[in-house]
>>> print(open('work_30.cif').read())   # mmCIF, C-alpha atoms
data_coords
#
loop_
_atom_site.group_PDB
_atom_site.id
_atom_site.type_symbol
_atom_site.label_atom_id
_atom_site.label_comp_id
_atom_site.auth_asym_id
_atom_site.auth_seq_id
_atom_site.Cartn_x
_atom_site.Cartn_y
_atom_site.Cartn_z
ATOM 1 C CA PRO A 1 79.779 83.826 102.806
ATOM 2 C CA PRO A 2 81.636 86.135 105.209
ATOM 3 C CA ARG A 3 84.060 84.402 107.529
ATOM 4 C CA SER A 4 85.053 85.377 111.006
ATOM 5 C CA THR A 5 88.666 86.475 110.923
ATOM 6 C CA PRO A 6 90.801 88.553 113.260
ATOM 7 C CA SER A 7 90.700 91.362 110.705
ATOM 8 C CA ASN A 8 86.916 91.724 110.865
ATOM 9 C CA SER A 9 86.472 91.025 114.559
ATOM 10 C CA SER A 10 86.871 93.068 117.680
ATOM 11 C CA ALA A 11 90.566 92.097 117.683
ATOM 12 C CA ALA A 12 91.340 94.604 114.924
ATOM 13 C CA SER A 13 89.078 97.618 114.781
ATOM 14 C CA ASP A 14 90.484 99.201 111.612
ATOM 15 C CA VAL A 15 88.213 99.646 108.629
ATOM 16 C CA TYR A 16 89.339 97.731 105.591
ATOM 17 C CA LYS A 17 88.110 97.044 102.105
ATOM 18 C CA ARG A 18 88.869 93.992 99.991
ATOM 19 C CA GLN A 19 89.238 94.798 96.297
ATOM 20 C CA GLU A 20 91.390 94.160 93.259
ATOM 21 C CA ILE A 21 94.075 96.784 92.663
ATOM 22 C CA ASP A 22 96.565 97.614 89.955
ATOM 23 C CA ARG A 23 100.151 96.505 90.594
ATOM 24 C CA THR A 24 101.341 100.120 90.495
ATOM 25 C CA GLU A 25 99.152 100.912 93.521
ATOM 26 C CA LEU A 26 101.450 98.676 95.553
ATOM 27 C CA TYR A 27 104.322 101.094 94.911
ATOM 28 C CA ILE A 28 102.600 103.839 96.919
ATOM 29 C CA ALA A 29 101.119 101.656 99.664
ATOM 30 C CA ASP A 30 101.703 102.526 103.318
ATOM 31 C CA GLU A 31 101.758 98.835 104.254
ATOM 32 C CA ILE A 32 101.401 95.488 102.514
ATOM 33 C CA PHE A 33 101.117 92.028 104.018
ATOM 34 C CA LEU A 34 100.241 88.550 102.813
ATOM 35 C CA CYS A 35 98.067 86.248 104.846
ATOM 36 C CA GLY A 36 97.025 82.656 104.659
ATOM 37 C CA THR A 37 97.283 79.342 106.409
ATOM 38 C CA GLY A 38 100.858 78.678 105.311
ATOM 39 C CA ARG A 39 101.973 82.313 105.187
ATOM 40 C CA GLU A 40 100.481 83.347 108.505
ATOM 41 C CA ILE A 41 100.839 87.173 108.410
ATOM 42 C CA THR A 42 103.884 88.067 106.345
ATOM 43 C CA PRO A 43 104.971 91.696 105.873
ATOM 44 C CA VAL A 44 105.922 92.777 102.346
ATOM 45 C CA VAL A 45 108.738 95.332 102.510
ATOM 46 C CA SER A 46 109.363 95.811 98.781
ATOM 47 C CA VAL A 47 107.595 95.349 95.444
ATOM 48 C CA ASP A 48 109.662 95.084 92.274
ATOM 49 C CA ARG A 49 112.627 96.439 94.242
ATOM 50 C CA HIS A 50 110.599 99.493 95.317
ATOM 51 C CA PRO A 51 110.476 99.752 99.125
ATOM 52 C CA VAL A 52 107.057 99.811 100.728
ATOM 53 C CA ALA A 53 107.011 102.985 102.855
ATOM 54 C CA ASP A 54 110.278 102.919 104.814
ATOM 55 C CA GLY A 55 111.040 99.285 103.944
ATOM 56 C CA GLN A 56 109.986 97.992 107.388
ATOM 57 C CA PRO A 57 106.797 96.225 108.518
ATOM 58 C CA GLY A 58 104.243 98.867 109.518
ATOM 59 C CA PRO A 59 102.293 99.257 112.758
ATOM 60 C CA LEU A 60 99.048 97.768 111.402
ATOM 61 C CA THR A 61 100.876 94.707 110.067
ATOM 62 C CA ARG A 62 102.640 94.227 113.401
ATOM 63 C CA ARG A 63 99.370 94.588 115.316
ATOM 64 C CA ILE A 64 97.619 92.022 113.100
ATOM 65 C CA GLN A 65 100.609 89.680 113.506
ATOM 66 C CA ASP A 66 100.364 90.045 117.286
ATOM 67 C CA VAL A 67 96.643 89.220 117.239
ATOM 68 C CA TYR A 68 97.223 86.250 114.932
ATOM 69 C CA PHE A 69 100.000 84.786 117.069
ATOM 70 C CA ASP A 70 97.975 85.299 120.259
ATOM 71 C CA ILE A 71 95.161 83.313 118.635
ATOM 72 C CA VAL A 72 97.247 80.393 117.354
ATOM 73 C CA ARG A 73 99.189 80.173 120.626
ATOM 74 C CA GLY A 74 95.987 79.996 122.670
ATOM 75 C CA LYS A 75 96.446 83.368 124.371
ATOM 76 C CA SER A 76 93.140 84.817 123.156
ATOM 77 C CA ARG A 77 90.083 83.355 124.901
ATOM 78 C CA GLU A 78 87.787 84.839 122.240
ATOM 79 C CA TYR A 79 89.165 82.405 119.631
ATOM 80 C CA MET A 80 89.752 79.259 121.698
ATOM 81 C CA SER A 81 87.025 77.483 119.697
ATOM 82 C CA TRP A 82 89.220 77.861 116.593
ATOM 83 C CA LEU A 83 91.958 75.725 118.113
ATOM 84 C CA LEU A 84 92.241 71.956 118.007
ATOM 85 C CA PRO A 85 94.799 70.283 120.265
ATOM 86 C CA VAL A 86 97.066 67.852 118.426
ATOM 87 C CA TYR A 87 98.175 66.069 121.601
ATOM 88 C CA LYS A 88 96.446 64.175 124.377
ATOM 89 C CA ARG A 89 95.942 66.032 127.640
#
>>> encode(input="work_30.cif", output="structure tokens")
Amino acid sequence: PPRSTPSNSSAASDVYKRQEIDRTELYIADEIFLCGTGREITPVVSVDRHPVADGQPGPLTRRIQDVYFDIVRGKSREYMSWLLPVYKR
């Protein structure tokens, strides 16, 4: 089932498509990032020693990182229900 994530919410309005790709497609990518609970949003700046674009995190990756960190730090009211305090108030 589809999940609500920052990438498919109003927080990031870019169109994206999830699909399997060939490794060589990574060599010509404009941007690459990894995401997950432990990885958060991690820019990939090279693949097999080939730089991704200019070898720096791209603007989309930085924007998604900003949204992610706003969510986990409680700065985004839209996602407050996702957070669970681990301390007593």
>>> resolve_selection(input="work_30.cif", expression="the PyMOL selection byres ((chain A and resi 26-31) around 10)", output="VMD selection string")
chain A and resid 21 to 25 32 to 33 43 to 61
>>> resolve_selection(input="work_30.cif", expression="the PyMOL selection byres ((chain A and resi 83) around 9)", output="PyMOL selection string")
chain A and resi 71-74+79-82+84-85
>>> atom_distance(input="work_30.cif", atom1="atom CA of Glu78 of chain A", atom2="atom CA of Gly38 of chain A")
22.3 Å
>>> atom_distance(input="work_30.cif", atom1="atom CA of Thr42 of chain A", atom2="atom CA of Asp70 of chain A")
15.4 Å
>>> axis_aligned_box(input="work_30.cif", around="segment 66-69 of chain A", padding_each_side="6 Å", output="lines of an AutoDock Vina configuration file")
center_x = 98.5
center_y = 87.4
center_z = 116.1
size_x = 15.7
size_y = 17.3
size_z = 14.4
>>> atom_distance(input="work_30.cif", atom1="atom CA of Arg63 of chain A", atom2="atom CA of Glu20 of chain A")
23.5 Å
>>> decode(input="work_30.cif", residues="segment 32-81 of chain A", atoms="N, CA and C atoms", output="PDB file, in the first residue's frame")
ATOM      1  N   ILE A  32      21.594  11.737  -7.007  1.00  0.00           N
ATOM      2  CA  ILE A  32      21.297  10.442  -6.401  1.00  0.00           C
ATOM      3  C   ILE A  32      21.321  10.639  -4.892  1.00  0.00           C
ATOM      4  N   PHE A  33      20.348  10.029  -4.206  1.00  0.00           N
ATOM      5  CA  PHE A  33      20.400  10.016  -2.751  1.00  0.00           C
ATOM      6  C   PHE A  33      19.830   8.704  -2.242  1.00  0.00           C
ATOM      7  N   LEU A  34      20.259   8.319  -1.062  1.00  0.00           N
ATOM      8  CA  LEU A  34      19.744   7.143  -0.379  1.00  0.00           C
ATOM      9  C   LEU A  34      18.838   7.633   0.731  1.00  0.00           C
ATOM     10  N   CYS A  35      17.810   6.874   1.029  1.00  0.00           N
ATOM     11  CA  CYS A  35      16.947   7.260   2.135  1.00  0.00           C
ATOM     12  C   CYS A  35      16.525   6.024   2.903  1.00  0.00           C
ATOM     13  N   GLY A  36      16.253   6.238   4.156  1.00  0.00           N
ATOM     14  CA  GLY A  36      15.824   5.156   5.023  1.00  0.00           C
ATOM     15  C   GLY A  36      15.922   5.592   6.466  1.00  0.00           C
ATOM     16  N   THR A  37      15.404   4.784   7.345  1.00  0.00           N
ATOM     17  CA  THR A  37      15.377   5.139   8.752  1.00  0.00           C
ATOM     18  C   THR A  37      16.771   5.424   9.284  1.00  0.00           C
ATOM     19  N   GLY A  38      17.721   4.555   9.024  1.00  0.00           N
ATOM     20  CA  GLY A  38      19.078   4.751   9.517  1.00  0.00           C
ATOM     21  C   GLY A  38      19.904   5.691   8.673  1.00  0.00           C
ATOM     22  N   ARG A  39      19.604   5.796   7.397  1.00  0.00           N
ATOM     23  CA  ARG A  39      20.365   6.629   6.469  1.00  0.00           C
ATOM     24  C   ARG A  39      19.860   8.058   6.401  1.00  0.00           C
ATOM     25  N   GLU A  40      18.644   8.277   6.883  1.00  0.00           N
ATOM     26  CA  GLU A  40      18.007   9.574   6.735  1.00  0.00           C
ATOM     27  C   GLU A  40      17.948   9.904   5.244  1.00  0.00           C
ATOM     28  N   ILE A  41      18.470  11.040   4.815  1.00  0.00           N
ATOM     29  CA  ILE A  41      18.574  11.384   3.392  1.00  0.00           C
ATOM     30  C   ILE A  41      20.057  11.631   3.151  1.00  0.00           C
ATOM     31  N   THR A  42      20.692  10.717   2.449  1.00  0.00           N
ATOM     32  CA  THR A  42      22.138  10.785   2.264  1.00  0.00           C
ATOM     33  C   THR A  42      22.478  11.001   0.791  1.00  0.00           C
ATOM     34  N   PRO A  43      23.113  12.115   0.453  1.00  0.00           N
ATOM     35  CA  PRO A  43      23.503  12.358  -0.937  1.00  0.00           C
ATOM     36  C   PRO A  43      24.565  11.350  -1.390  1.00  0.00           C
ATOM     37  N   VAL A  44      24.479  10.935  -2.637  1.00  0.00           N
ATOM     38  CA  VAL A  44      25.517  10.104  -3.256  1.00  0.00           C
ATOM     39  C   VAL A  44      26.245  11.006  -4.245  1.00  0.00           C
ATOM     40  N   VAL A  45      27.535  11.197  -4.059  1.00  0.00           N
ATOM     41  CA  VAL A  45      28.283  12.124  -4.913  1.00  0.00           C
ATOM     42  C   VAL A  45      29.159  11.422  -5.940  1.00  0.00           C
ATOM     43  N   SER A  46      29.290  10.083  -5.821  1.00  0.00           N
ATOM     44  CA  SER A  46      30.016   9.337  -6.850  1.00  0.00           C
ATOM     45  C   SER A  46      29.539   7.887  -6.863  1.00  0.00           C
ATOM     46  N   VAL A  47      29.652   7.269  -8.032  1.00  0.00           N
ATOM     47  CA  VAL A  47      29.301   5.863  -8.229  1.00  0.00           C
ATOM     48  C   VAL A  47      30.455   5.219  -8.971  1.00  0.00           C
ATOM     49  N   ASP A  48      31.051   4.220  -8.380  1.00  0.00           N
ATOM     50  CA  ASP A  48      32.203   3.545  -9.001  1.00  0.00           C
ATOM     51  C   ASP A  48      33.280   4.545  -9.411  1.00  0.00           C
ATOM     52  N   ARG A  49      33.521   5.507  -8.566  1.00  0.00           N
ATOM     53  CA  ARG A  49      34.513   6.565  -8.786  1.00  0.00           C
ATOM     54  C   ARG A  49      34.141   7.546  -9.900  1.00  0.00           C
ATOM     55  N   HIS A  50      32.932   7.458 -10.400  1.00  0.00           N
ATOM     56  CA  HIS A  50      32.417   8.432 -11.378  1.00  0.00           C
ATOM     57  C   HIS A  50      31.621   9.475 -10.595  1.00  0.00           C
ATOM     58  N   PRO A  51      31.961  10.763 -10.701  1.00  0.00           N
ATOM     59  CA  PRO A  51      31.178  11.755  -9.963  1.00  0.00           C
ATOM     60  C   PRO A  51      29.745  11.841 -10.475  1.00  0.00           C
ATOM     61  N   VAL A  52      28.831  12.063  -9.579  1.00  0.00           N
ATOM     62  CA  VAL A  52      27.443  12.323  -9.945  1.00  0.00           C
ATOM     63  C   VAL A  52      27.348  13.829 -10.189  1.00  0.00           C
ATOM     64  N   ALA A  53      26.991  14.196 -11.405  1.00  0.00           N
ATOM     65  CA  ALA A  53      26.930  15.614 -11.816  1.00  0.00           C
ATOM     66  C   ALA A  53      28.246  16.290 -11.475  1.00  0.00           C
ATOM     67  N   ASP A  54      28.215  17.315 -10.623  1.00  0.00           N
ATOM     68  CA  ASP A  54      29.456  18.028 -10.298  1.00  0.00           C
ATOM     69  C   ASP A  54      30.122  17.494  -9.029  1.00  0.00           C
ATOM     70  N   GLY A  55      29.650  16.357  -8.525  1.00  0.00           N
ATOM     71  CA  GLY A  55      30.254  15.759  -7.340  1.00  0.00           C
ATOM     72  C   GLY A  55      29.779  16.358  -6.030  1.00  0.00           C
ATOM     73  N   GLN A  56      28.724  17.184  -6.075  1.00  0.00           N
ATOM     74  CA  GLN A  56      28.156  17.817  -4.890  1.00  0.00           C
ATOM     75  C   GLN A  56      26.682  17.427  -4.771  1.00  0.00           C
ATOM     76  N   PRO A  57      26.132  17.427  -3.555  1.00  0.00           N
ATOM     77  CA  PRO A  57      24.689  17.178  -3.428  1.00  0.00           C
ATOM     78  C   PRO A  57      23.908  18.215  -4.238  1.00  0.00           C
ATOM     79  N   GLY A  58      22.874  17.768  -4.937  1.00  0.00           N
ATOM     80  CA  GLY A  58      22.092  18.660  -5.788  1.00  0.00           C
ATOM     81  C   GLY A  58      20.989  19.383  -5.044  1.00  0.00           C
ATOM     82  N   PRO A  59      20.328  20.319  -5.712  1.00  0.00           N
ATOM     83  CA  PRO A  59      19.288  21.125  -5.073  1.00  0.00           C
ATOM     84  C   PRO A  59      18.068  20.322  -4.614  1.00  0.00           C
ATOM     85  N   LEU A  60      17.665  19.311  -5.369  1.00  0.00           N
ATOM     86  CA  LEU A  60      16.522  18.493  -4.955  1.00  0.00           C
ATOM     87  C   LEU A  60      16.880  17.706  -3.697  1.00  0.00           C
ATOM     88  N   THR A  61      18.064  17.111  -3.684  1.00  0.00           N
ATOM     89  CA  THR A  61      18.505  16.355  -2.508  1.00  0.00           C
ATOM     90  C   THR A  61      18.552  17.258  -1.285  1.00  0.00           C
ATOM     91  N   ARG A  62      19.095  18.447  -1.434  1.00  0.00           N
ATOM     92  CA  ARG A  62      19.167  19.380  -0.301  1.00  0.00           C
ATOM     93  C   ARG A  62      17.773  19.789   0.174  1.00  0.00           C
ATOM     94  N   ARG A  63      16.857  20.000  -0.763  1.00  0.00           N
ATOM     95  CA  ARG A  63      15.498  20.392  -0.385  1.00  0.00           C
ATOM     96  C   ARG A  63      14.796  19.259   0.372  1.00  0.00           C
ATOM     97  N   ILE A  64      14.968  18.025  -0.106  1.00  0.00           N
ATOM     98  CA  ILE A  64      14.358  16.880   0.581  1.00  0.00           C
ATOM     99  C   ILE A  64      14.993  16.693   1.960  1.00  0.00           C
ATOM    100  N   GLN A  65      16.309  16.891   2.062  1.00  0.00           N
ATOM    101  CA  GLN A  65      16.965  16.836   3.371  1.00  0.00           C
ATOM    102  C   GLN A  65      16.362  17.877   4.316  1.00  0.00           C
ATOM    103  N   ASP A  66      16.189  19.085   3.829  1.00  0.00           N
ATOM    104  CA  ASP A  66      15.624  20.157   4.659  1.00  0.00           C
ATOM    105  C   ASP A  66      14.236  19.779   5.169  1.00  0.00           C
ATOM    106  N   VAL A  67      13.396  19.251   4.284  1.00  0.00           N
ATOM    107  CA  VAL A  67      12.048  18.835   4.678  1.00  0.00           C
ATOM    108  C   VAL A  67      12.133  17.723   5.716  1.00  0.00           C
ATOM    109  N   TYR A  68      12.981  16.739   5.462  1.00  0.00           N
ATOM    110  CA  TYR A  68      13.136  15.615   6.390  1.00  0.00           C
ATOM    111  C   TYR A  68      13.549  16.103   7.770  1.00  0.00           C
ATOM    112  N   PHE A  69      14.586  16.939   7.824  1.00  0.00           N
ATOM    113  CA  PHE A  69      15.069  17.403   9.125  1.00  0.00           C
ATOM    114  C   PHE A  69      14.055  18.304   9.826  1.00  0.00           C
ATOM    115  N   ASP A  70      13.284  19.077   9.080  1.00  0.00           N
ATOM    116  CA  ASP A  70      12.215  19.866   9.696  1.00  0.00           C
ATOM    117  C   ASP A  70      11.183  18.940  10.341  1.00  0.00           C
ATOM    118  N   ILE A  71      10.886  17.828   9.674  1.00  0.00           N
ATOM    119  CA  ILE A  71       9.915  16.876  10.214  1.00  0.00           C
ATOM    120  C   ILE A  71      10.441  16.234  11.494  1.00  0.00           C
ATOM    121  N   VAL A  72      11.634  15.651  11.446  1.00  0.00           N
ATOM    122  CA  VAL A  72      12.134  14.912  12.609  1.00  0.00           C
ATOM    123  C   VAL A  72      12.492  15.826  13.779  1.00  0.00           C
ATOM    124  N   ARG A  73      12.701  17.099  13.516  1.00  0.00           N
ATOM    125  CA  ARG A  73      12.998  18.049  14.592  1.00  0.00           C
ATOM    126  C   ARG A  73      11.750  18.774  15.094  1.00  0.00           C
ATOM    127  N   GLY A  74      10.586  18.362  14.577  1.00  0.00           N
ATOM    128  CA  GLY A  74       9.328  18.932  15.050  1.00  0.00           C
ATOM    129  C   GLY A  74       9.042  20.334  14.555  1.00  0.00           C
ATOM    130  N   LYS A  75       9.645  20.733  13.445  1.00  0.00           N
ATOM    131  CA  LYS A  75       9.432  22.077  12.912  1.00  0.00           C
ATOM    132  C   LYS A  75       8.303  22.137  11.884  1.00  0.00           C
ATOM    133  N   SER A  76       7.767  20.990  11.504  1.00  0.00           N
ATOM    134  CA  SER A  76       6.718  20.936  10.495  1.00  0.00           C
ATOM    135  C   SER A  76       5.427  20.438  11.143  1.00  0.00           C
ATOM    136  N   ARG A  77       4.470  21.342  11.322  1.00  0.00           N
ATOM    137  CA  ARG A  77       3.209  20.994  11.981  1.00  0.00           C
ATOM    138  C   ARG A  77       2.459  19.891  11.232  1.00  0.00           C
ATOM    139  N   GLU A  78       2.602  19.869   9.915  1.00  0.00           N
ATOM    140  CA  GLU A  78       1.891  18.887   9.087  1.00  0.00           C
ATOM    141  C   GLU A  78       2.218  17.447   9.492  1.00  0.00           C
ATOM    142  N   TYR A  79       3.408  17.211  10.029  1.00  0.00           N
ATOM    143  CA  TYR A  79       3.856  15.855  10.342  1.00  0.00           C
ATOM    144  C   TYR A  79       4.032  15.602  11.837  1.00  0.00           C
ATOM    145  N   MET A  80       3.478  16.450  12.678  1.00  0.00           N
ATOM    146  CA  MET A  80       3.637  16.265  14.124  1.00  0.00           C
ATOM    147  C   MET A  80       3.117  14.903  14.589  1.00  0.00           C
ATOM    148  N   SER A  81       2.104  14.373  13.911  1.00  0.00           N
ATOM    149  CA  SER A  81       1.543  13.075  14.309  1.00  0.00           C
ATOM    150  C   SER A  81       2.527  11.931  14.072  1.00  0.00           C
TER     151      SER A  81
END
